[in-house]
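Below is one structure, written out as structure tokens, with a few remarks after it.
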Amino acid sequence: MKTIIVNIVTPDGPVYDSEVSMVIAVTASGEMGVLPGHIPTVAPLGIGAVRLKKENSTELVAVSGGFLEIRPEKVTILAQSAELATEIDLARAQESARRAEALLQAKKDEVDFKRAELALKRAMNRINVHEGNI
């Protein structure tokens, strides 16, 4: 089976480096599936899960923004933040979601609702990736 090299890198360093048979990522215009030999493309990433399919398994990575660079033999994801499902601290993600929900429900003028909404979306993405609910 043909494979493609995938590198996921954040400002803190590399998160993932392996060969997979398919990559599925959430871009600004929707989900994008990438197979070996894909045409060169660059796309902005949204908040979502990156699914990395190997022969009989799928690995999940929670990604929050960045860019997806596709070349026929390699996919590079430059993300603002990225965590493997196995490394997500579920309690911390749940607490982040609770804080964001509290800010949204407070309805105070000084609360930046857009920031709170994004924080909630990031937290829910991390929870869903950790639990495998994609």
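Residues are referred to by chain and number: the chain letter is A, B, ... according to the order shown in the structure tokens, the number counts from 1 in that chain, and ligands are numbered separately from 1 in the order shown.
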Find the residues around Ala102 in chain A up to 12 Å (only C-alpha atoms counted), leave out those fewer than 4 positions away in its own chain, and share them as JSON, numbers by chain. {"A": [95, 96, 97, 98, 106, 107, 108, 111, 113, 116, 117, 119, 120]}
Please build the interface table for range 38-104 of chain A against range 10-18 of chain A with a cut-off of 9 Å, listing for each qualifying residue the nearest atom pair and the distance in Å to one decimal; count only C-alpha atoms, order rows by chain and increasing number, and write it as a Markdown table.
```
| residue | atom | partner | partner_atom | distance |
| --- | --- | --- | --- | --- |
| A:Val61 | CA | A:Tyr16 | CA | 8.8 |
| A:Gly66 | CA | A:Thr10 | CA | 8.8 |
| A:Ile77 | CA | A:Thr10 | CA | 8.4 |
| A:Leu78 | CA | A:Thr10 | CA | 5.9 |
| A:Ala79 | CA | A:Thr10 | CA | 5.1 |
| A:Gln80 | CA | A:Thr10 | CA | 5.7 |
| A:Ser81 | CA | A:Thr10 | CA | 5.7 |
| A:Ala82 | CA | A:Thr10 | CA | 6.7 |
| A:Glu83 | CA | A:Val15 | CA | 7.0 |
| A:Leu84 | CA | A:Val15 | CA | 7.5 |
```
Considering only C-alpha atoms, can you say which of A:Lys121, A:Arg92, A:Arg99, A:His38 comes closest to Glu69 in chain A? A:His38
Write out as a ChimeraX atom specification which residues come within 8 Å of Ile24 in chain A when counting only C-alpha atoms, dropping same-chain ones fewer than 4 positions away. /A:31-34,50-52
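CA of Ser64 in chain A lies 12.0 Å from CA of Val129 in chain A.
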Between A:Gly46, A:Thr3, A:Arg115, A:Lys54, which has the minimum distance to Ser29 in chain A (counting only C-alpha atoms)? A:Gly46
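From CA of Ala123 in chain A back to CA of Leu35 in chain A, the distance works out to 28.8 Å.
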